[in-house]
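Scroll down for the structure; my scribbles are underneath it.
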Amino acid sequence: MTGEHGTPPERAESAPLEAPGAPAKTVSWHRSTGLVAYPDALAAMDLRARQVREGAAPELLWFLEHPPLYTAGTSAAENELLTPERFPVFRTGRGGRFTYHGPGQRVGYAVMDLRKPGPPDVRRYVQSLEAWLIAALARLGVTGERREGRIGIWVRTSSGEAKIAALGVRISRWVTTHGIALNVAPDLSHFAGIVPCGIAEFGVTSLKALGAEHDMARVDEALRAAFEETFGAHLTDGTDPLVEARRLQTVGI
């Protein structure tokens with residue numbers, strides 16, 4: 001899913017994506033259990049984006065975990081894939097370079113319509129994703145920070161700065177797909193098979209490695225609350241995107 005949006009945004013604090021005084025938008029939310037195969041997730045996400053674009057379904061925030069894999073964004077360089085035989089590698093249409101997904105990492109796919117309330121503002125959306133992660137980490141007692149020229153969210157550790165979360169975005173006709181990946185308690189050695197997001201001089205870390213709260217359910221609570229705050233949204237429980245995609249395939253839509 002994630003690596004990063006291709007062009008670093010200006011590092012400014014982000015106001016809620018909704019205009020001041022606007023009623024909270026309703027966004028469907030779903031948390032998948034177990035590990036979701038990447039191709040299945042991608043197909044379901046793309047289908048939902050089409051529905052959102054056509055006004056046939058609400059916007060979506062989808063929490064899930066993938067089995068171990070690497071994804072390559074549109075700017076990925078082949079020499080940054082260090083052990084191509086280690087895990088499956090998926091080419092994806094999001095911006096950015098190589099990144100890792102696996103158990104213990106909370107992936108959040110956001111299918112959002114940037115035309116609402118409008119006008120569309122890609123830079124502001126990416127800044128809002130960053131602000132969302134920073135706010136969620138604060139709720140967990142961790143200080144996340146932006147860095148000029150380095151997309152993602154960073155923390156200070158005893159051995160230097162390390163990346164704790166990545167973000168990657170694809171936008172088609174003003175509807176977004178992909179989103180964020182927060183390292184809760186993954187096997188950090190799995191990142192050694194790539195140059196994460198093309199940045200070799202800095203490492204990666206996780207909530208567990210920092211000694212912070214890393215119970216996934218509690219992390220999800222923090223992410224949900226921070227999303228509503230950052231995006232001026234109201235999250236409501238929605239149907240499983242995988243089940244919905246299979247249903248629509250069955251009826252030939």
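All residue names refer to the structure tokens as shown: chains lettered A, B, ... in order, residues numbered from 1 in each chain, ligands numbered from 1 in order.
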Exercise. Which residues, written as a list in words, have at least one atom at most 7 Å from A:Lys163, with only C-alpha atoms counted and residues fewer than 6 positions away on the same chain left out?
Worked result: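 The residues that qualify are Gly152, Ile153, Trp154, Val155, Gly203, Val204 and Thr205 of chain A.
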For this session: Could you give me the residues within stretch 49-177 of chain A that DSSP places in helix (DSSP H, G or I), as a list of chain:residue names?
Result: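 Everything in stretch 49-177 of chain A that counts as helix (DSSP H, G or I) is A:Ala49, A:Arg50, A:Gln51, A:Val52, A:Arg53, A:Glu78, A:Asn79, A:Glu80, A:Val122, A:Arg123, A:Arg124, A:Tyr125, A:Val126, A:Gln127, A:Ser128, A:Leu129, A:Glu130, A:Ala131, A:Trp132, A:Leu133, A:Ile134, A:Ala135, A:Ala136, A:Leu137, A:Ala138, A:Arg139.
All residues of protein, DNA or RNA that reach within 10 Å of A:Gly144, judged by only C-alpha atoms and not counting those fewer than 2 positions away in the chain, are Glu130, Ala131, Leu133, Ile134, Ala135, Ala136, Leu137, Ala138, Gly141, Val142, Arg146, Gly152, Ile153, Trp154, Val155, Arg156, Lys163, Ile164 and Ala165 of chain A.
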Output N, CA and C atoms for every residue in the selection just made, as a compact mmCIF listing (two decimals), in the first residue's frame.
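File written: part03.txt
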# COMPACT_ATOMS: atom_id res chain seq x y z
N GLU A 130 -0.80 13.14 7.49
CA GLU A 130 0.30 13.28 8.45
C GLU A 130 -0.22 13.74 9.81
N ALA A 131 -1.09 14.75 9.79
CA ALA A 131 -1.63 15.28 11.05
C ALA A 131 -2.43 14.20 11.78
N LEU A 133 -1.87 10.92 11.76
CA LEU A 133 -0.93 10.01 12.40
C LEU A 133 -0.30 10.65 13.63
N ILE A 134 0.09 11.90 13.53
CA ILE A 134 0.71 12.59 14.66
C ILE A 134 -0.27 12.67 15.84
N ALA A 135 -1.53 12.97 15.55
CA ALA A 135 -2.54 13.06 16.61
C ALA A 135 -2.80 11.71 17.25
N ALA A 136 -2.84 10.65 16.43
CA ALA A 136 -3.05 9.30 16.97
C ALA A 136 -1.89 8.89 17.86
N LEU A 137 -0.67 9.15 17.41
CA LEU A 137 0.50 8.81 18.22
C LEU A 137 0.50 9.57 19.54
N ALA A 138 0.08 10.83 19.51
CA ALA A 138 0.01 11.62 20.75
C ALA A 138 -0.93 10.96 21.75
N GLY A 141 0.88 8.42 23.62
CA GLY A 141 2.04 8.87 24.39
C GLY A 141 3.32 8.98 23.61
N VAL A 142 3.22 9.05 22.29
CA VAL A 142 4.40 9.11 21.43
C VAL A 142 4.38 10.41 20.64
N ARG A 146 7.02 15.54 11.60
CA ARG A 146 7.31 15.63 10.18
C ARG A 146 8.78 16.00 10.00
N GLY A 152 6.42 10.83 5.62
CA GLY A 152 6.20 9.87 6.68
C GLY A 152 6.26 10.55 8.03
N ILE A 153 6.12 9.77 9.08
CA ILE A 153 6.16 10.29 10.44
C ILE A 153 7.35 9.68 11.17
N TRP A 154 8.06 10.53 11.87
CA TRP A 154 9.34 10.18 12.48
C TRP A 154 9.29 10.37 13.98
N VAL A 155 10.10 9.58 14.69
CA VAL A 155 10.23 9.72 16.13
C VAL A 155 11.71 9.75 16.48
N ARG A 156 11.99 10.34 17.63
CA ARG A 156 13.36 10.38 18.14
C ARG A 156 13.58 9.17 19.04
N LYS A 163 11.70 6.05 11.41
CA LYS A 163 10.36 6.18 10.86
C LYS A 163 9.42 5.18 11.52
N ILE A 164 8.26 5.69 11.94
CA ILE A 164 7.29 4.83 12.58
C ILE A 164 6.04 4.64 11.72
N ALA A 165 5.84 5.51 10.74
CA ALA A 165 4.66 5.40 9.90
C ALA A 165 4.95 5.92 8.50
For this session: Report the distance between atom CA of A:Thr99 and atom CA of A:Cys197 in Å, rounded to one decimal place.
Result: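 Distance between the two atoms: 5.8 Å.
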Problem set entry | Exercise: A:Arg224 partners within 12 Å, only C-alpha atoms, chain neighbours under 5 positions left out, as a ChimeraX atom specification | /A:27-31,61-63,108,132-133,135-137,139,217-219,229-237
Residues of the last selection are to be written out with C-alpha atoms, as a CSV table (one decimal), in the first residue's frame.
chain,number,residue,atom,x,y,z
A,27,VAL,CA,-17.4,8.0,6.6
A,28,SER,CA,-17.9,4.3,6.6
A,29,TRP,CA,-15.3,2.4,8.8
A,30,HIS,CA,-14.4,-1.3,8.8
A,31,ARG,CA,-11.7,-3.4,10.6
A,61,LEU,CA,-11.7,4.1,6.2
A,62,TRP,CA,-10.5,0.5,6.2
A,63,PHE,CA,-8.2,-1.0,8.8
A,108,GLY,CA,-5.4,2.2,7.0
A,132,TRP,CA,-3.9,12.3,11.6
A,133,LEU,CA,-0.9,10.0,12.4
A,135,ALA,CA,-2.5,13.1,16.6
A,136,ALA,CA,-3.1,9.3,17.0
A,137,LEU,CA,0.5,8.8,18.2
A,139,ARG,CA,-3.0,9.7,22.1
A,217,ALA,CA,-7.4,-2.6,19.5
A,218,ARG,CA,-6.2,0.4,21.5
A,219,VAL,CA,-4.2,1.7,18.6
A,229,GLU,CA,-10.8,15.0,14.8
A,230,THR,CA,-8.4,15.7,11.9
A,231,PHE,CA,-10.9,15.2,9.0
A,232,GLY,CA,-14.0,16.6,10.7
A,233,ALA,CA,-15.7,13.2,10.1
A,234,HIS,CA,-18.1,10.9,11.8
A,235,LEU,CA,-17.1,7.2,11.5
A,236,THR,CA,-19.9,4.7,11.3
A,237,ASP,CA,-19.5,0.9,11.2
Counting only C-alpha atoms, which residues of stretch 128-229 of chain A sit at most 8 Å from some atom of stretch 65-88 of chain A, and what is each one's closest atom pair with its distance in Å to one decimal, listed by chain and rising residue number, as JSON lines?
{"residue": "A:His190", "atom": "CA", "partner": "A:Pro68", "partner_atom": "CA", "distance": 7.9}
{"residue": "A:Ala192", "atom": "CA", "partner": "A:Leu82", "partner_atom": "CA", "distance": 7.7}
{"residue": "A:Gly193", "atom": "CA", "partner": "A:Thr83", "partner_atom": "CA", "distance": 4.9}
{"residue": "A:Ile194", "atom": "CA", "partner": "A:Leu81", "partner_atom": "CA", "distance": 4.6}
{"residue": "A:Val195", "atom": "CA", "partner": "A:Glu80", "partner_atom": "CA", "distance": 5.0}
{"residue": "A:Pro196", "atom": "CA", "partner": "A:Glu80", "partner_atom": "CA", "distance": 7.9}
{"residue": "A:Gly198", "atom": "CA", "partner": "A:Glu80", "partner_atom": "CA", "distance": 6.7}
Could the residues in this selection be written to a file with C-alpha atoms, as a CSV table (one decimal), in the first residue's frame?
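Below is the file part.csv, written as the result:
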chain,number,residue,atom,x,y,z
A,190,HIS,CA,11.5,-7.7,7.5
A,192,ALA,CA,15.9,-5.2,5.8
A,193,GLY,CA,14.9,-6.6,2.4
A,194,ILE,CA,14.4,-3.1,1.0
A,195,VAL,CA,15.6,0.5,1.3
A,196,PRO,CA,12.4,1.7,3.0
A,198,GLY,CA,14.3,5.1,-0.6
